[in-house]
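Reading through the structure tokens given below for one structure.
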Amino acid sequence: MLTSQNTKKQIDMFLTNPANALVIESPMREAGLEITYQLIRNLLGLKPDYILENSQYFYKIERDKSTVSIDSIRELIKKLKLKSLATKSINRVGLITDAELMSEVSQNAILKLLEEPPRDTVIILLTKSFGSLKPTIRSRTALIKITKPSYLEFVDHYSSNKLTSDLKNKYDLADGNSDYYNKYINEDIDLSSSEDIILIKKFLSASKSDRLLMINDFCNNKLVFETLLFSLKSIIKIGLENSIKNENNQTKMWISYLKAIENTETGFNSSVNRKLLFTNLCLNM
């Protein structure tokens with residue numbers, strides 16, 4: 001996976017002298033999770049393609065719907081307080097994803113562990129926003145800020161036969177994520193309008209209700225609507241693939257999103273009213 005030089009430097013510094021508590025801030029969830037997994041493999045001395053969930057020394061908790069529950073935090077603390085049989089300086093890693101969704105009670109609970117972490121353990125909080133965590137947590141943790149690759153880094157990463165005239169727009173739409181870009185470059189789709197890219201990115205970051213307000217922006221232009229469907233399907237497939245690979249609890253959600261996209265595509269190709277299709281899509285995602 002393409003990683004920015006800035007991010008690589010931060011990771012290398014941490015691996016040289018790892019702290020027992022680390023916050024990884026990444027606005028890009030899937031990219032952040034993949035980079036975090038690779039860092040954990042390095043900490044545990046595992047091969048780059050090793051499936052972390054198979055390791056008895058890796059513990060992960062995720063959000064349950066809209067929050068990271070206090071029960072899952074307590075279960076993690078209970079496991080990490082047990083002594084491990086391994087003899088390396090770093091034997092175990094505990095990972096909390098979507099840490100910005102921890103309640104104050106959950107943050108207070110994990111804070112107690114961060115104050116006296118097990119010596120052979122690294123506790124990682126992966127979050128979209130470092131500032132969403134309590135100041136007392138921030139003061140007790142190292143920080144890695146994942147930044148997206150620059151456009152020049154993106155260009156350098158790909159061979160010349162993959163470079164296209166609309167490369168910059170594809171880079172902008174992928175938001176620097178090489179997984180998404182790999183999908184885009186293999187499809188014959190026109191991304192020549194930067195205004196369209198801005199509109200699609202706005203849709204991706206909007207709430208369900210705000211998306212409904214954008215109905216005319218998409219439905220009055222068949223090409224823009226088609227590009228939106230392609231972009232959403234690419235992102236959903238990546239999310240589904242990662243969910244299955246990591247065996248997390250979001251697989252059903254990604255499958256339902258994919259079904260919504262495929263139903264919309266079927267209607268789109270059958271000349272069903274685009275406003276009706278767009279409304280149904282927004283309500284089902």
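Residue numbering restarts at 1 in every chain; chains get A, B, ... in the order shown in the structure tokens, and ligands count up from 1 in that same order.
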message: From a backbone DSSP assignment, name each residue in segment 36-248 of chain A labelled helix (DSSP H, G or I), as a ChimeraX atom specification.
response: /A:36-44,52-54,70-80,99-101,104-115,130-132,135-138,151-157,160-162,167-174,178-185,194-205,208-212,215-219,222-246
Just the selected residues (C-alpha atoms), exported as a CSV table (one decimal), in the first residue's frame, please.
```csv
chain,number,residue,atom,x,y,z
A,36,THR,CA,-1.8,0.2,11.6
A,37,TYR,CA,-2.0,-3.5,11.0
A,38,GLN,CA,1.4,-3.4,9.2
A,39,LEU,CA,2.9,-1.5,12.2
A,40,ILE,CA,1.5,-4.1,14.6
A,41,ARG,CA,3.0,-6.9,12.5
A,42,ASN,CA,6.4,-5.2,12.8
A,43,LEU,CA,6.0,-4.8,16.5
A,44,LEU,CA,5.2,-8.5,16.9
A,52,LEU,CA,-3.3,-10.7,12.8
A,53,GLU,CA,-6.5,-12.2,14.0
A,54,ASN,CA,-4.7,-15.6,14.1
A,70,ILE,CA,-17.5,0.1,28.0
A,71,ASP,CA,-18.0,-3.7,28.2
A,72,SER,CA,-15.6,-4.3,25.3
A,73,ILE,CA,-13.1,-1.9,26.9
A,74,ARG,CA,-13.3,-3.8,30.2
A,75,GLU,CA,-12.8,-7.1,28.4
A,76,LEU,CA,-9.7,-5.7,26.7
A,77,ILE,CA,-8.3,-4.5,30.0
A,78,LYS,CA,-9.0,-7.9,31.6
A,79,LYS,CA,-7.0,-9.7,28.9
A,80,LEU,CA,-4.1,-7.3,28.9
A,99,ALA,CA,-11.5,5.4,19.3
A,100,GLU,CA,-13.2,8.8,18.8
A,101,LEU,CA,-16.5,6.9,19.5
A,104,GLU,CA,-16.4,9.4,28.6
A,105,VAL,CA,-16.8,6.3,30.7
A,106,SER,CA,-14.9,4.2,28.2
A,107,GLN,CA,-12.1,6.8,27.9
A,108,ASN,CA,-11.8,6.9,31.7
A,109,ALA,CA,-11.6,3.1,31.9
A,110,ILE,CA,-8.8,2.9,29.2
A,111,LEU,CA,-7.0,5.8,30.9
A,112,LYS,CA,-6.4,3.7,34.0
A,113,LEU,CA,-4.7,1.1,31.8
A,114,LEU,CA,-2.6,3.8,30.0
A,115,GLU,CA,-1.4,5.1,33.4
A,130,PHE,CA,-6.7,13.1,18.1
A,131,GLY,CA,-8.6,16.0,19.6
A,132,SER,CA,-11.6,13.9,20.3
A,135,PRO,CA,-6.4,15.6,27.3
A,136,THR,CA,-5.3,13.1,30.0
A,137,ILE,CA,-5.2,10.3,27.3
A,138,ARG,CA,-3.4,12.5,24.8
A,151,TYR,CA,0.4,14.0,-5.7
A,152,LEU,CA,4.0,13.6,-6.6
A,153,GLU,CA,4.4,10.6,-4.4
A,154,PHE,CA,1.3,9.2,-6.0
A,155,VAL,CA,2.7,9.7,-9.5
A,156,ASP,CA,6.1,8.2,-8.6
A,157,HIS,CA,4.3,5.1,-7.2
A,160,SER,CA,4.2,5.2,-16.8
A,161,ASN,CA,1.7,2.9,-18.5
A,162,LYS,CA,-0.8,3.6,-15.8
A,167,LEU,CA,-4.6,11.3,-13.2
A,168,LYS,CA,-4.9,14.3,-10.9
A,169,ASN,CA,-8.7,14.0,-10.8
A,170,LYS,CA,-8.5,10.3,-10.0
A,171,TYR,CA,-6.0,11.1,-7.3
A,172,ASP,CA,-8.4,13.7,-5.8
A,173,LEU,CA,-11.3,11.3,-5.9
A,174,ALA,CA,-9.3,8.5,-4.3
A,178,SER,CA,-4.0,3.8,-3.6
A,179,ASP,CA,-6.5,1.0,-3.0
A,180,TYR,CA,-9.2,3.2,-4.5
A,181,TYR,CA,-7.0,4.6,-7.2
A,182,ASN,CA,-6.1,1.0,-8.4
A,183,LYS,CA,-9.8,0.5,-8.9
A,184,TYR,CA,-10.3,3.7,-10.9
A,185,ILE,CA,-7.4,3.3,-13.3
A,194,SER,CA,-12.7,18.6,-11.2
A,195,GLU,CA,-16.1,20.1,-10.3
A,196,ASP,CA,-17.6,16.7,-10.6
A,197,ILE,CA,-14.9,15.2,-8.3
A,198,ILE,CA,-15.6,17.9,-5.7
A,199,LEU,CA,-19.3,17.1,-5.8
A,200,ILE,CA,-18.8,13.3,-5.4
A,201,LYS,CA,-16.4,13.8,-2.5
A,202,LYS,CA,-19.0,16.1,-0.9
A,203,PHE,CA,-21.6,13.3,-1.2
A,204,LEU,CA,-19.2,10.7,0.4
A,205,SER,CA,-18.7,12.9,3.5
A,208,LYS,CA,-27.9,10.8,5.0
A,209,SER,CA,-30.2,13.8,5.2
A,210,ASP,CA,-27.7,16.2,3.5
A,211,ARG,CA,-27.2,13.7,0.7
A,212,LEU,CA,-30.9,13.9,-0.1
A,215,ILE,CA,-30.5,15.2,-5.6
A,216,ASN,CA,-30.6,17.7,-8.4
A,217,ASP,CA,-26.8,18.0,-8.6
A,218,PHE,CA,-26.5,14.4,-9.5
A,219,CYS,CA,-29.8,13.5,-11.2
A,222,LYS,CA,-26.2,11.2,-16.2
A,223,LEU,CA,-22.4,11.1,-16.3
A,224,VAL,CA,-22.0,12.5,-12.8
A,225,PHE,CA,-24.5,10.0,-11.5
A,226,GLU,CA,-22.8,7.2,-13.2
A,227,THR,CA,-19.4,8.3,-11.8
A,228,LEU,CA,-20.9,8.5,-8.3
A,229,LEU,CA,-22.2,4.9,-8.6
A,230,PHE,CA,-18.8,3.6,-9.8
A,231,SER,CA,-17.0,5.5,-7.0
A,232,LEU,CA,-19.3,4.2,-4.3
A,233,LYS,CA,-19.1,0.6,-5.6
A,234,SER,CA,-15.3,0.7,-5.6
A,235,ILE,CA,-15.1,2.0,-2.1
A,236,ILE,CA,-17.7,-0.4,-0.8
A,237,LYS,CA,-16.0,-3.4,-2.4
A,238,ILE,CA,-12.7,-2.4,-0.7
A,239,GLY,CA,-14.5,-2.0,2.6
A,240,LEU,CA,-16.1,-5.4,2.2
A,241,GLU,CA,-12.9,-7.1,1.2
A,242,ASN,CA,-11.1,-5.6,4.3
A,243,SER,CA,-14.0,-6.5,6.6
A,244,ILE,CA,-13.9,-10.2,5.4
A,245,LYS,CA,-10.1,-10.3,5.7
A,246,ASN,CA,-10.1,-8.8,9.2
```
- request: Measuring atom to atom with only C-alpha atoms, identify which of A:Gln250, A:Ile261, A:Leu126, A:Tyr50 is nearest to Thr279 of chain A.
  value: A:Ile261
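Coordinates place atom CA of Asn17 of chain A at a distance of 23.8 Å from atom CA of Ser129 of chain A.
Closest to Ser103 of chain A among A:Val122, A:Leu277, A:Ser69, A:Ser89 is A:Ser69, based on only C-alpha atoms.
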